[in-house]
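Structure file start-v9.txt (compact mmCIF, C-alpha atoms) follows.
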```txt
# COMPACT_ATOMS: atom_id res chain seq x y z
CA MET A 2 83.94 61.79 154.14
CA ARG A 3 82.98 59.44 151.35
CA PHE A 4 79.93 57.29 151.17
CA ARG A 5 80.37 53.72 152.32
CA SER A 6 77.88 51.22 151.06
CA ARG A 7 76.66 48.13 152.81
CA LEU A 8 75.80 46.72 149.43
CA GLY A 9 79.25 46.00 148.06
CA PRO A 10 80.31 46.47 144.45
CA LEU A 11 77.40 44.60 142.92
CA SER A 12 77.70 46.35 139.60
CA CYS A 13 81.27 45.21 139.07
CA ALA A 14 80.20 41.68 138.34
CA LEU A 15 78.07 42.67 135.36
CA VAL A 16 79.25 43.03 131.79
CA LYS A 17 78.63 46.66 130.94
CA ARG A 18 78.35 48.63 127.75
CA PRO A 19 80.81 51.48 127.18
CA ILE A 20 79.41 54.68 128.67
CA PRO A 21 79.02 57.62 126.26
CA SER A 22 80.99 60.72 127.25
CA ALA A 23 77.81 62.79 127.54
CA THR A 24 76.54 60.33 130.14
CA VAL A 25 79.85 60.49 132.01
CA GLN A 26 79.46 64.28 132.22
CA ARG A 27 76.01 63.93 133.75
CA LEU A 28 76.97 61.33 136.38
CA PRO A 29 78.55 63.90 138.75
CA VAL A 30 75.40 66.03 138.38
CA TYR A 31 73.17 63.10 139.36
CA LEU A 32 75.50 62.37 142.27
CA GLN A 33 75.26 65.97 143.48
CA CYS A 34 71.44 65.89 143.19
CA LEU A 35 71.23 62.61 145.10
CA GLU A 36 73.46 63.95 147.86
CA ALA A 37 71.28 67.06 148.10
CA LEU A 38 68.18 64.97 148.90
CA ALA A 39 66.90 65.30 152.45
CA PRO A 40 68.47 62.83 154.89
CA GLY A 41 66.30 59.75 155.15
CA VAL A 42 65.00 59.88 151.56
CA SER A 43 65.68 56.34 150.38
CA LEU A 44 63.93 56.28 147.01
CA VAL A 45 63.94 58.69 144.09
CA SER A 46 61.98 58.62 140.83
CA SER A 47 63.59 59.29 137.47
CA GLU A 48 61.17 62.23 137.10
CA ASP A 49 62.32 63.82 140.38
CA LEU A 50 65.98 63.27 139.55
CA ALA A 51 65.39 64.66 136.04
CA VAL A 52 63.92 67.92 137.36
CA ARG A 53 66.78 68.35 139.82
CA ALA A 54 69.42 67.62 137.19
CA GLY A 55 67.78 69.69 134.46
CA VAL A 56 67.45 66.86 131.93
CA ASN A 57 64.45 64.82 130.82
CA SER A 58 63.46 61.67 132.66
CA ALA A 59 63.95 59.36 129.66
CA LYS A 60 67.57 60.48 129.55
CA VAL A 61 67.98 59.83 133.28
CA ARG A 62 66.70 56.28 132.85
CA LYS A 63 68.93 55.73 129.82
CA ASP A 64 72.01 57.16 131.59
CA LEU A 65 71.46 55.06 134.69
CA SER A 66 70.89 51.93 132.63
CA TYR A 67 74.61 52.09 131.70
CA LEU A 68 75.33 51.49 135.38
CA GLY A 69 73.10 48.44 135.30
CA SER A 70 70.56 50.39 137.38
CA HIS A 71 66.97 50.19 136.23
CA GLY A 72 64.77 51.31 139.09
CA VAL A 73 61.35 49.91 139.75
CA ARG A 74 58.35 51.30 137.87
CA GLY A 75 56.17 53.36 140.22
CA VAL A 76 58.77 53.07 143.00
CA GLY A 77 62.01 54.53 141.71
CA TYR A 78 65.66 54.01 142.45
CA ASP A 79 67.28 53.07 145.75
CA VAL A 80 69.23 56.24 146.59
CA GLU A 81 72.01 54.62 148.60
CA ARG A 82 72.69 52.00 145.97
CA LEU A 83 72.61 54.53 143.15
CA VAL A 84 75.08 56.81 144.96
CA PHE A 85 77.43 53.88 145.37
CA GLN A 86 77.08 52.81 141.74
CA ILE A 87 77.87 56.29 140.44
CA GLN A 88 80.85 56.66 142.78
CA ASP A 89 82.11 53.27 141.72
CA GLU A 90 81.72 54.11 138.03
CA LEU A 91 83.51 57.44 138.41
CA GLY A 92 86.35 55.79 140.29
CA LEU A 93 85.61 57.91 143.37
CA THR A 94 86.08 54.97 145.70
CA LYS A 95 89.83 55.36 145.09
CA GLU A 96 91.62 58.45 146.40
CA ARG A 97 93.28 60.58 143.70
CA SER A 98 96.22 62.88 144.35
CA VAL A 99 96.19 66.32 142.79
CA VAL A 100 98.77 69.08 142.31
CA ILE A 101 97.83 72.71 141.72
CA VAL A 102 100.03 75.03 139.65
CA GLY A 103 99.46 78.78 139.95
CA ILE A 104 98.82 79.83 143.54
CA GLY A 105 96.90 83.06 143.05
CA ASN A 106 93.41 83.58 144.45
CA LEU A 107 91.86 80.77 142.44
CA GLY A 108 94.65 78.32 143.25
CA ARG A 109 94.30 79.17 146.94
CA ALA A 110 90.54 78.84 146.78
CA LEU A 111 90.84 75.39 145.20
CA ALA A 112 93.54 74.31 147.67
CA ASN A 113 91.10 75.18 150.47
CA TYR A 114 88.01 73.77 148.73
CA ASP A 115 86.30 71.23 150.99
CA GLY A 116 84.43 69.67 148.07
CA PHE A 117 87.63 68.03 146.80
CA ASP A 118 88.24 66.13 150.03
CA GLN A 119 84.61 65.07 150.14
CA ARG A 120 85.02 63.54 146.65
CA GLY A 121 88.27 61.76 147.45
CA PHE A 122 90.63 64.22 145.76
CA ARG A 123 93.66 64.99 147.92
CA VAL A 124 95.81 68.04 147.14
CA VAL A 125 99.44 66.94 147.58
CA GLY A 126 101.39 69.84 146.11
CA LEU A 127 101.17 73.56 145.30
CA PHE A 128 103.54 75.13 142.76
CA ASP A 129 104.19 78.63 141.53
CA ALA A 130 106.82 80.33 139.40
CA ASP A 131 106.80 83.47 141.56
CA PRO A 132 109.66 83.29 144.11
CA ARG A 133 107.77 85.67 146.44
CA LYS A 134 105.10 83.01 147.01
CA LEU A 135 107.51 80.18 147.83
CA GLY A 136 107.01 78.77 151.30
CA ASP A 137 103.59 80.42 151.81
CA LEU A 138 101.36 77.93 153.58
CA VAL A 139 97.92 77.28 152.06
CA ASP A 140 95.71 74.88 153.98
CA GLY A 141 98.88 73.52 155.57
CA LEU A 142 100.82 72.96 152.33
CA PRO A 143 103.84 75.08 151.31
CA VAL A 144 104.07 76.69 147.88
CA GLU A 145 106.98 75.05 146.02
CA PRO A 146 109.00 76.15 142.97
CA MET A 147 108.30 74.73 139.51
CA GLU A 148 111.69 72.97 139.61
CA ALA A 149 110.31 70.72 142.36
CA LEU A 150 107.27 69.65 140.33
CA ALA A 151 108.59 66.54 138.57
CA ASP A 152 110.01 64.92 141.70
CA ALA A 153 106.93 65.78 143.73
CA VAL A 154 104.53 64.25 141.17
CA LEU A 155 106.56 61.05 141.11
CA GLN A 156 107.12 60.72 144.85
CA ARG A 157 103.59 61.67 145.88
CA GLY A 158 101.85 59.65 143.16
CA ALA A 159 99.92 62.61 141.74
CA GLU A 160 97.66 61.78 138.79
CA ILE A 161 95.78 65.03 138.21
CA GLY A 162 97.14 68.54 137.66
CA ILE A 163 95.08 71.69 138.05
CA ILE A 164 96.24 74.79 136.17
CA THR A 165 95.25 78.11 137.73
CA THR A 166 97.94 80.28 136.17
CA PRO A 167 97.34 83.31 133.94
CA ALA A 168 96.52 82.30 130.36
CA PRO A 169 99.97 82.96 128.82
CA ALA A 170 101.65 80.48 131.19
CA ALA A 171 99.12 77.67 130.76
CA GLN A 172 100.70 75.78 127.84
CA GLU A 173 104.16 75.75 129.39
CA VAL A 174 102.71 74.49 132.68
CA ALA A 175 100.72 71.81 130.85
CA ASP A 176 103.92 70.62 129.16
CA ALA A 177 105.69 70.51 132.53
CA LEU A 178 102.82 68.51 134.06
CA ALA A 179 102.79 66.07 131.15
CA GLY A 180 106.58 65.73 131.37
CA ALA A 181 106.24 64.93 135.08
CA GLY A 182 103.90 62.05 134.28
CA ILE A 183 100.52 63.66 135.05
CA LYS A 184 97.72 61.82 133.22
CA SER A 185 94.88 64.35 133.44
CA ILE A 186 94.74 68.13 133.52
CA LEU A 187 91.98 70.43 134.65
CA ASN A 188 92.59 73.84 133.11
CA PHE A 189 91.03 76.92 134.72
CA ALA A 190 93.21 79.33 132.74
CA PRO A 191 91.25 81.00 129.93
CA ALA A 192 93.49 79.44 127.28
CA VAL A 193 93.26 76.43 124.99
CA ILE A 194 96.11 74.01 125.66
CA LYS A 195 97.22 70.94 123.72
CA THR A 196 99.14 68.07 125.25
CA ASP A 197 99.53 64.67 123.62
CA GLY A 198 98.50 61.65 125.64
CA VAL A 199 97.00 63.69 128.48
CA GLU A 200 93.27 64.17 129.05
CA VAL A 201 92.68 67.91 129.31
CA ARG A 202 89.42 69.49 130.47
CA ARG A 203 88.89 73.22 130.48
CA VAL A 204 86.65 74.87 133.06
CA ASP A 205 84.98 78.11 132.05
CA LEU A 206 83.68 79.66 135.26
CA SER A 207 81.32 81.84 133.27
CA THR A 208 79.37 78.87 131.84
CA GLU A 209 76.83 78.83 134.64
CA LEU A 210 76.41 82.59 134.47
CA GLN A 211 75.50 82.17 130.82
CA VAL A 212 72.79 79.66 131.70
CA LEU A 213 71.44 82.11 134.30
CA SER A 214 71.52 84.82 131.67
CA PHE A 215 69.30 82.68 129.41
CA TYR A 216 66.61 82.48 132.07
CA LEU A 217 66.83 86.22 132.90
CA HIS A 218 66.62 86.93 129.17
CA ARG A 219 63.53 84.75 128.63
CA ARG A 220 61.78 86.24 131.67
CA ALA A 221 62.37 89.84 130.62
CA MET B 11 85.34 91.79 123.87
CA ARG B 12 82.10 90.34 122.64
CA PHE B 13 81.39 89.11 119.17
CA ARG B 14 79.66 91.52 116.82
CA SER B 15 77.91 90.06 113.84
CA ARG B 16 77.48 91.56 110.43
CA LEU B 17 74.46 89.36 109.97
CA GLY B 18 72.03 91.04 112.36
CA PRO B 19 69.53 89.23 114.55
CA LEU B 20 68.09 87.08 111.79
CA SER B 21 66.90 84.43 114.18
CA CYS B 22 64.68 86.86 116.10
CA ALA B 23 62.24 87.01 113.24
CA LEU B 24 61.49 83.30 113.38
CA VAL B 25 58.91 81.64 115.57
CA LYS B 26 60.88 79.31 117.81
CA ARG B 27 60.05 76.30 119.95
CA PRO B 28 60.79 76.45 123.67
CA ILE B 29 64.34 75.28 124.32
CA PRO B 30 64.74 72.32 126.72
CA SER B 31 66.84 73.07 129.78
CA ALA B 32 69.38 70.38 128.84
CA THR B 33 69.95 72.17 125.54
CA VAL B 34 70.34 75.50 127.36
CA GLN B 35 73.08 73.94 129.48
CA ARG B 36 74.96 72.81 126.38
CA LEU B 37 74.80 76.13 124.53
CA PRO B 38 77.65 77.71 126.57
CA VAL B 39 79.73 74.60 125.88
CA TYR B 40 79.17 74.91 122.12
CA LEU B 41 80.00 78.61 122.37
CA GLN B 42 83.26 77.83 124.15
CA CYS B 43 84.15 75.19 121.54
CA LEU B 44 83.38 77.56 118.65
CA GLU B 45 85.50 80.29 120.21
CA ALA B 46 88.37 77.82 120.64
CA LEU B 47 88.49 77.12 116.89
CA ALA B 48 91.55 78.46 115.10
CA PRO B 49 91.13 82.03 113.82
CA GLY B 50 89.95 81.96 110.22
CA VAL B 51 87.96 78.74 110.53
CA SER B 52 84.61 79.78 109.09
CA LEU B 53 82.76 76.46 108.87
CA VAL B 54 82.30 73.65 111.36
CA SER B 55 80.59 70.27 110.98
CA SER B 56 78.23 68.89 113.60
CA GLU B 57 80.63 65.93 113.94
CA ASP B 58 83.58 68.18 114.72
CA LEU B 59 81.57 70.26 117.17
CA ALA B 60 80.23 67.06 118.78
CA VAL B 61 83.72 65.70 119.45
CA ARG B 62 84.86 69.02 120.94
CA ALA B 63 81.77 69.31 123.14
CA GLY B 64 81.72 65.65 124.19
CA VAL B 65 78.21 64.88 122.91
CA ASN B 66 77.01 62.99 119.86
CA SER B 67 76.51 64.74 116.56
CA ALA B 68 72.77 64.00 116.33
CA LYS B 69 72.34 65.88 119.61
CA VAL B 70 74.38 68.81 118.30
CA ARG B 71 72.12 69.06 115.25
CA LYS B 72 69.00 68.78 117.37
CA ASP B 73 70.23 71.38 119.88
CA LEU B 74 71.16 73.85 117.16
CA SER B 75 67.84 73.32 115.40
CA TYR B 76 66.20 75.10 118.36
CA LEU B 77 68.14 78.20 117.33
CA GLY B 78 66.76 77.88 113.83
CA SER B 79 70.22 76.80 112.69
CA HIS B 80 70.37 73.79 110.42
CA GLY B 81 73.75 73.79 108.73
CA VAL B 82 74.33 72.54 105.21
CA ARG B 83 74.84 68.84 104.60
CA GLY B 84 78.46 68.12 103.72
CA VAL B 85 79.43 71.73 104.46
CA GLY B 86 78.52 72.42 108.07
CA TYR B 87 77.58 75.51 110.05
CA ASP B 88 78.77 79.07 109.52
CA VAL B 89 80.86 79.66 112.66
CA GLU B 90 80.34 83.41 112.91
CA ARG B 91 76.59 83.16 112.50
CA LEU B 92 76.32 80.29 114.98
CA VAL B 93 78.32 82.21 117.61
CA PHE B 94 75.96 85.15 117.19
CA GLN B 95 72.85 82.97 117.41
CA ILE B 96 74.01 81.30 120.63
CA GLN B 97 74.98 84.63 122.21
CA ASP B 98 71.63 86.07 121.20
CA GLU B 99 69.75 83.10 122.65
CA LEU B 100 71.67 83.24 125.92
CA GLY B 101 71.04 86.97 126.23
CA LEU B 102 74.78 87.65 126.15
CA THR B 103 74.32 90.61 123.83
CA LYS B 104 73.03 92.54 126.89
CA GLU B 105 75.42 93.37 129.73
CA ARG B 106 74.44 91.88 133.11
CA SER B 107 75.48 93.32 136.45
CA VAL B 108 76.68 90.97 139.15
CA VAL B 109 77.36 91.28 142.89
CA ILE B 110 79.61 88.87 144.78
CA VAL B 111 79.02 88.05 148.46
CA GLY B 112 81.86 86.43 150.40
CA ILE B 113 85.23 87.92 149.54
CA GLY B 114 87.57 85.10 150.47
CA ASN B 115 89.94 83.53 147.95
CA LEU B 116 87.19 82.30 145.65
CA GLY B 117 85.30 85.62 145.77
CA ARG B 118 88.53 87.47 144.94
CA ALA B 119 89.34 85.02 142.16
CA LEU B 120 85.90 85.53 140.59
CA ALA B 121 86.09 89.32 141.02
CA ASN B 122 89.33 89.20 139.03
CA TYR B 123 88.14 86.61 136.50
CA ASP B 124 88.57 87.97 132.97
CA GLY B 125 86.11 85.45 131.55
CA PHE B 126 83.16 87.32 133.08
CA ASP B 127 83.96 90.56 131.29
CA GLN B 128 84.45 88.68 128.05
CA ARG B 129 80.94 87.26 128.40
CA GLY B 130 79.31 90.59 129.24
CA PHE B 131 79.05 90.09 133.00
CA ARG B 132 80.12 93.16 134.95
CA VAL B 133 80.93 92.89 138.66
CA VAL B 134 79.41 95.99 140.33
CA GLY B 135 79.70 95.18 144.04
CA LEU B 136 81.63 93.06 146.56
CA PHE B 137 80.17 92.33 149.99
CA ASP B 138 81.41 90.59 153.12
CA ALA B 139 80.23 90.26 156.71
CA ASP B 140 83.80 90.42 158.06
CA PRO B 141 84.56 94.03 159.13
CA ARG B 142 88.30 93.41 158.67
CA LYS B 143 87.78 93.06 154.92
CA LEU B 144 85.77 96.24 154.47
CA GLY B 145 87.41 98.74 152.16
CA ASP B 146 89.87 96.21 150.70
CA LEU B 147 90.17 96.86 146.99
CA VAL B 148 89.74 93.87 144.65
CA ASP B 149 90.18 94.62 140.95
CA GLY B 150 89.42 98.27 141.78
CA LEU B 151 86.22 97.63 143.77
CA PRO B 152 85.97 98.12 147.54
CA VAL B 153 84.58 95.40 149.81
CA GLU B 154 81.32 96.72 151.33
CA PRO B 155 79.31 95.62 154.39
CA MET B 156 76.19 93.46 154.05
CA GLU B 157 74.08 96.41 155.21
CA ALA B 158 74.94 98.19 151.95
CA LEU B 159 73.77 95.29 149.76
CA ALA B 160 70.11 96.21 149.20
CA ASP B 161 70.80 99.80 148.17
CA ALA B 162 73.70 98.78 145.96
CA VAL B 163 71.67 96.14 144.09
CA LEU B 164 68.91 98.67 143.43
CA GLN B 165 71.12 101.60 142.46
CA ARG B 166 73.53 99.60 140.31
CA GLY B 167 70.87 97.48 138.62
CA ALA B 168 72.39 94.15 139.65
CA GLU B 169 70.49 91.07 138.44
CA ILE B 170 72.79 88.21 139.43
CA GLY B 171 74.27 87.40 142.84
CA ILE B 172 77.23 85.08 143.34
CA ILE B 173 77.60 83.41 146.74
CA THR B 174 81.16 82.48 147.73
CA THR B 175 80.68 82.38 151.51
CA PRO B 176 81.29 79.35 153.73
CA ALA B 177 78.39 76.88 153.61
CA PRO B 178 76.70 77.87 156.91
CA ALA B 179 76.21 81.48 155.73
CA ALA B 180 74.85 80.64 152.28
CA GLN B 181 71.11 80.50 153.03
CA GLU B 182 71.11 83.79 154.93
CA VAL B 183 73.02 85.46 152.10
CA ALA B 184 70.60 84.01 149.54
CA ASP B 185 67.67 85.46 151.50
CA ALA B 186 69.40 88.85 151.62
CA LEU B 187 70.03 88.75 147.87
CA ALA B 188 66.43 87.78 147.14
CA GLY B 189 65.20 90.54 149.48
CA ALA B 190 67.36 93.02 147.61
CA GLY B 191 65.65 92.11 144.34
CA ILE B 192 68.25 89.78 142.81
CA LYS B 193 66.64 87.46 140.23
CA SER B 194 69.31 84.79 139.84
CA ILE B 195 71.86 83.29 142.19
CA LEU B 196 75.00 81.33 141.42
CA ASN B 197 75.97 79.41 144.54
CA PHE B 198 79.58 78.23 144.95
CA ALA B 199 79.12 77.43 148.65
CA PRO B 200 78.85 73.66 149.23
CA ALA B 201 75.32 74.02 150.59
CA VAL B 202 71.83 73.55 149.17
CA ILE B 203 69.84 76.79 149.36
CA LYS B 204 66.16 77.43 148.72
CA THR B 205 64.75 80.79 147.74
CA ASP B 206 61.28 81.30 146.30
CA GLY B 207 61.04 83.11 143.00
CA VAL B 208 64.78 83.19 142.41
CA GLU B 209 66.65 80.96 139.96
CA VAL B 210 69.45 79.28 141.91
CA ARG B 211 72.28 77.31 140.33
CA ARG B 212 74.89 75.53 142.37
CA VAL B 213 78.43 75.11 141.10
CA ASP B 214 80.37 72.12 142.37
CA LEU B 215 84.00 72.74 141.48
CA SER B 216 84.76 69.06 141.89
CA THR B 217 82.42 68.01 139.04
CA GLU B 218 85.11 68.19 136.38
CA LEU B 219 87.57 66.35 138.61
CA GLN B 220 85.05 63.54 138.83
CA VAL B 221 84.84 63.33 135.04
CA LEU B 222 88.65 63.18 134.90
CA SER B 223 88.56 60.47 137.54
CA PHE B 224 86.28 58.39 135.31
CA TYR B 225 88.82 58.42 132.48
CA LEU B 226 91.74 57.66 134.81
CA HIS B 227 89.70 54.83 136.28
CA ARG B 228 88.87 53.30 132.88
CA ARG B 229 92.44 53.56 131.71
CA ALA B 230 93.91 51.90 134.78
```

As structure tokens - that is how I would like this structure written.
Amino acid sequence: MRFRSRLGPLSCALVKRPIPSATVQRLPVYLQCLEALAPGVSLVSSEDLAVRAGVNSAKVRKDLSYLGSHGVRGVGYDVERLVFQIQDELGLTKERSVVIVGIGNLGRALANYDGFDQRGFRVVGLFDADPRKLGDLVDGLPVEPMEALADAVLQRGAEIGIITTPAPAAQEVADALAGAGIKSILNFAPAVIKTDGVEVRRVDLSTELQVLSFYLHRRA
Amino acid sequence: MRFRSRLGPLSCALVKRPIPSATVQRLPVYLQCLEALAPGVSLVSSEDLAVRAGVNSAKVRKDLSYLGSHGVRGVGYDVERLVFQIQDELGLTKERSVVIVGIGNLGRALANYDGFDQRGFRVVGLFDADPRKLGDLVDGLPVEPMEALADAVLQRGAEIGIITTPAPAAQEVADALAGAGIKSILNFAPAVIKTDGVEVRRVDLSTELQVLSFYLHRRA
């Protein structure tokens, strides 16, 4: 279920500066921190948000200023309005359709992941090159062959492709997704892929473990 | 396989400033970008690294200065040395033992994830409350009951616990991990957990999708 604001898209009327990519990366983190606040908390200070997000408070204020959100000194930011502004900026008020290629454990986990629905991402197709998986139902969706990918992307209006194949297959799958008209790829395979005209982001699931390791290391 | 330097731990001899948490979070990203460089690339500029990591180059230089790494103007940073310095700072030169609780699709995917081994994280135990899963082998390890957790953590020297249970079970599992002596928790369950004296990080798998959504949104 997505957040519905009573405030309306106030920020849309303002002329805004381009948002730096580093700020874009932090917006989902702020959103997650805001949503983790206790129910009923209606105001949050930049200092509180900074501690939760693991950045400094000057950066929080700077980042949020790109949204046209400035908070009130000594009072803070209106939580509900800030949540709406971030969702609006990230385009989360529009539902996005997603296909997943590579239906092993990770692909199945992502197909079942409740967090996607909550954020407005709808999984509309599951694809795998292994004929033994075809027709398996995962969260109500059947696994389809790669040959069905292009038609499915077109007919179901998919914009985002998630790659959860083994590394050696990732580039070929990325090319197939790009050929099918996918605009953005999220790559979980431990491989670097290159595809012209498509935004590709790679997720390294060990990144957070490395941050934990830093703190264990310093404490020891 | 982890990187082995010919240079030795040069940076250890220097007196260093405390590293801000935001910098710590970016170090794994720089490491990933450096490792994605073509083989044989021995120098990298802060500008190049900045583009790959999605931050600005002044921030890259500032972040790396905490490692005692300053680069050479017009030449850049020595890639091999920088990789070693980041690994050393993150404590990745020491192997860390990890237990995973919740052996559904995501738990299985993480147990099989090659990226952990590559970073020096060794999975030493898999636990689940569901008796039907007990004894299942995942990547050669048997699924064990929750009652075996405390002994296993102690005997196998586990320092990090990964929670991949459904949300309602997450807090109870976190308490069990903390009681067993785990120092750091990585929480994939979509739930906020609180545990005194334990470093907890939550992973929201939809974060990267939200960043992709931003770029789709701007382009449209």

**Residues of chain B within 6 Å of chain A, counting all atoms listed in the file, as a ChimeraX atom specification** = /B:31-32,38,64-65,100-101,115-116,119,126,216-217,223-224,227

Set up a box along x, y and z of the file covering all listed atoms of segment 31-45 of chain B, add 6 Å on every one of the six sides, and write the centre and edge lengths in Å to one decimal, as AutoDock Vina command-line options.
```
--center_x 76.2 --center_y 75.3 --center_z 124.2 --size_x 30.7 --size_y 21.9 --size_z 23.1
```

Protein, DNA and RNA residues within 6 Å of (80.7, 83.5, 147.1), only C-alpha atoms, as an mmCIF file with C-alpha atoms, in the coordinates of the input:
```
data_model
loop_
_atom_site.group_PDB
_atom_site.id
_atom_site.type_symbol
_atom_site.label_atom_id
_atom_site.label_comp_id
_atom_site.auth_asym_id
_atom_site.auth_seq_id
_atom_site.Cartn_x
_atom_site.Cartn_y
_atom_site.Cartn_z
ATOM 1 C CA ILE B 110 79.610 88.870 144.780
ATOM 2 C CA VAL B 111 79.020 88.050 148.460
ATOM 3 C CA GLY B 112 81.860 86.430 150.400
ATOM 4 C CA GLY B 117 85.300 85.620 145.770
ATOM 5 C CA ILE B 172 77.230 85.080 143.340
ATOM 6 C CA ILE B 173 77.600 83.410 146.740
ATOM 7 C CA THR B 174 81.160 82.480 147.730
ATOM 8 C CA THR B 175 80.680 82.380 151.510
ATOM 9 C CA PHE B 198 79.580 78.230 144.950
#
```

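Put simply, atom CA of Tyr67 of chain A is 29.2 Å away from atom CA of Ala159 of chain A.
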
**Asked** Which of these residues is nearest to Ala153 of chain A, using all atoms listed in the file: A:Leu178, A:Leu65, A:Ile87, A:Leu35?
**Response**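 Result for the nearest residue to Ala153 of chain A: A:Leu178.
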
**Request:** Point out the residue among B:Lys204, B:Arg166, B:Arg83, B:Lys69 with the least atom-to-atom distance to Ser55 of chain B, counting all atoms listed in the file.
**Result:** B:Arg83

**Prompt:** Just how far from atom CA of Ala184 of chain B is atom CA of Leu159 of chain B, in Å to one decimal?
**Reply:** 11.7 Å

**Prompt:** Within 10 Å of (86.0, 93.5, 152.7), in the coordinates the file gives, what residues turn up when you count only C-alpha atoms, written out as a PyMOL selection string?
**Reply:** chain B and resi 111-114+136-148+151-156

**Item:** Which residue of B:Ile192, B:Val109, B:Ala48, B:Val133 approaches Asp206 of chain B most closely, using all atoms listed in the file
**Value:**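 Result for the nearest residue to Asp206 of chain B: B:Ile192.
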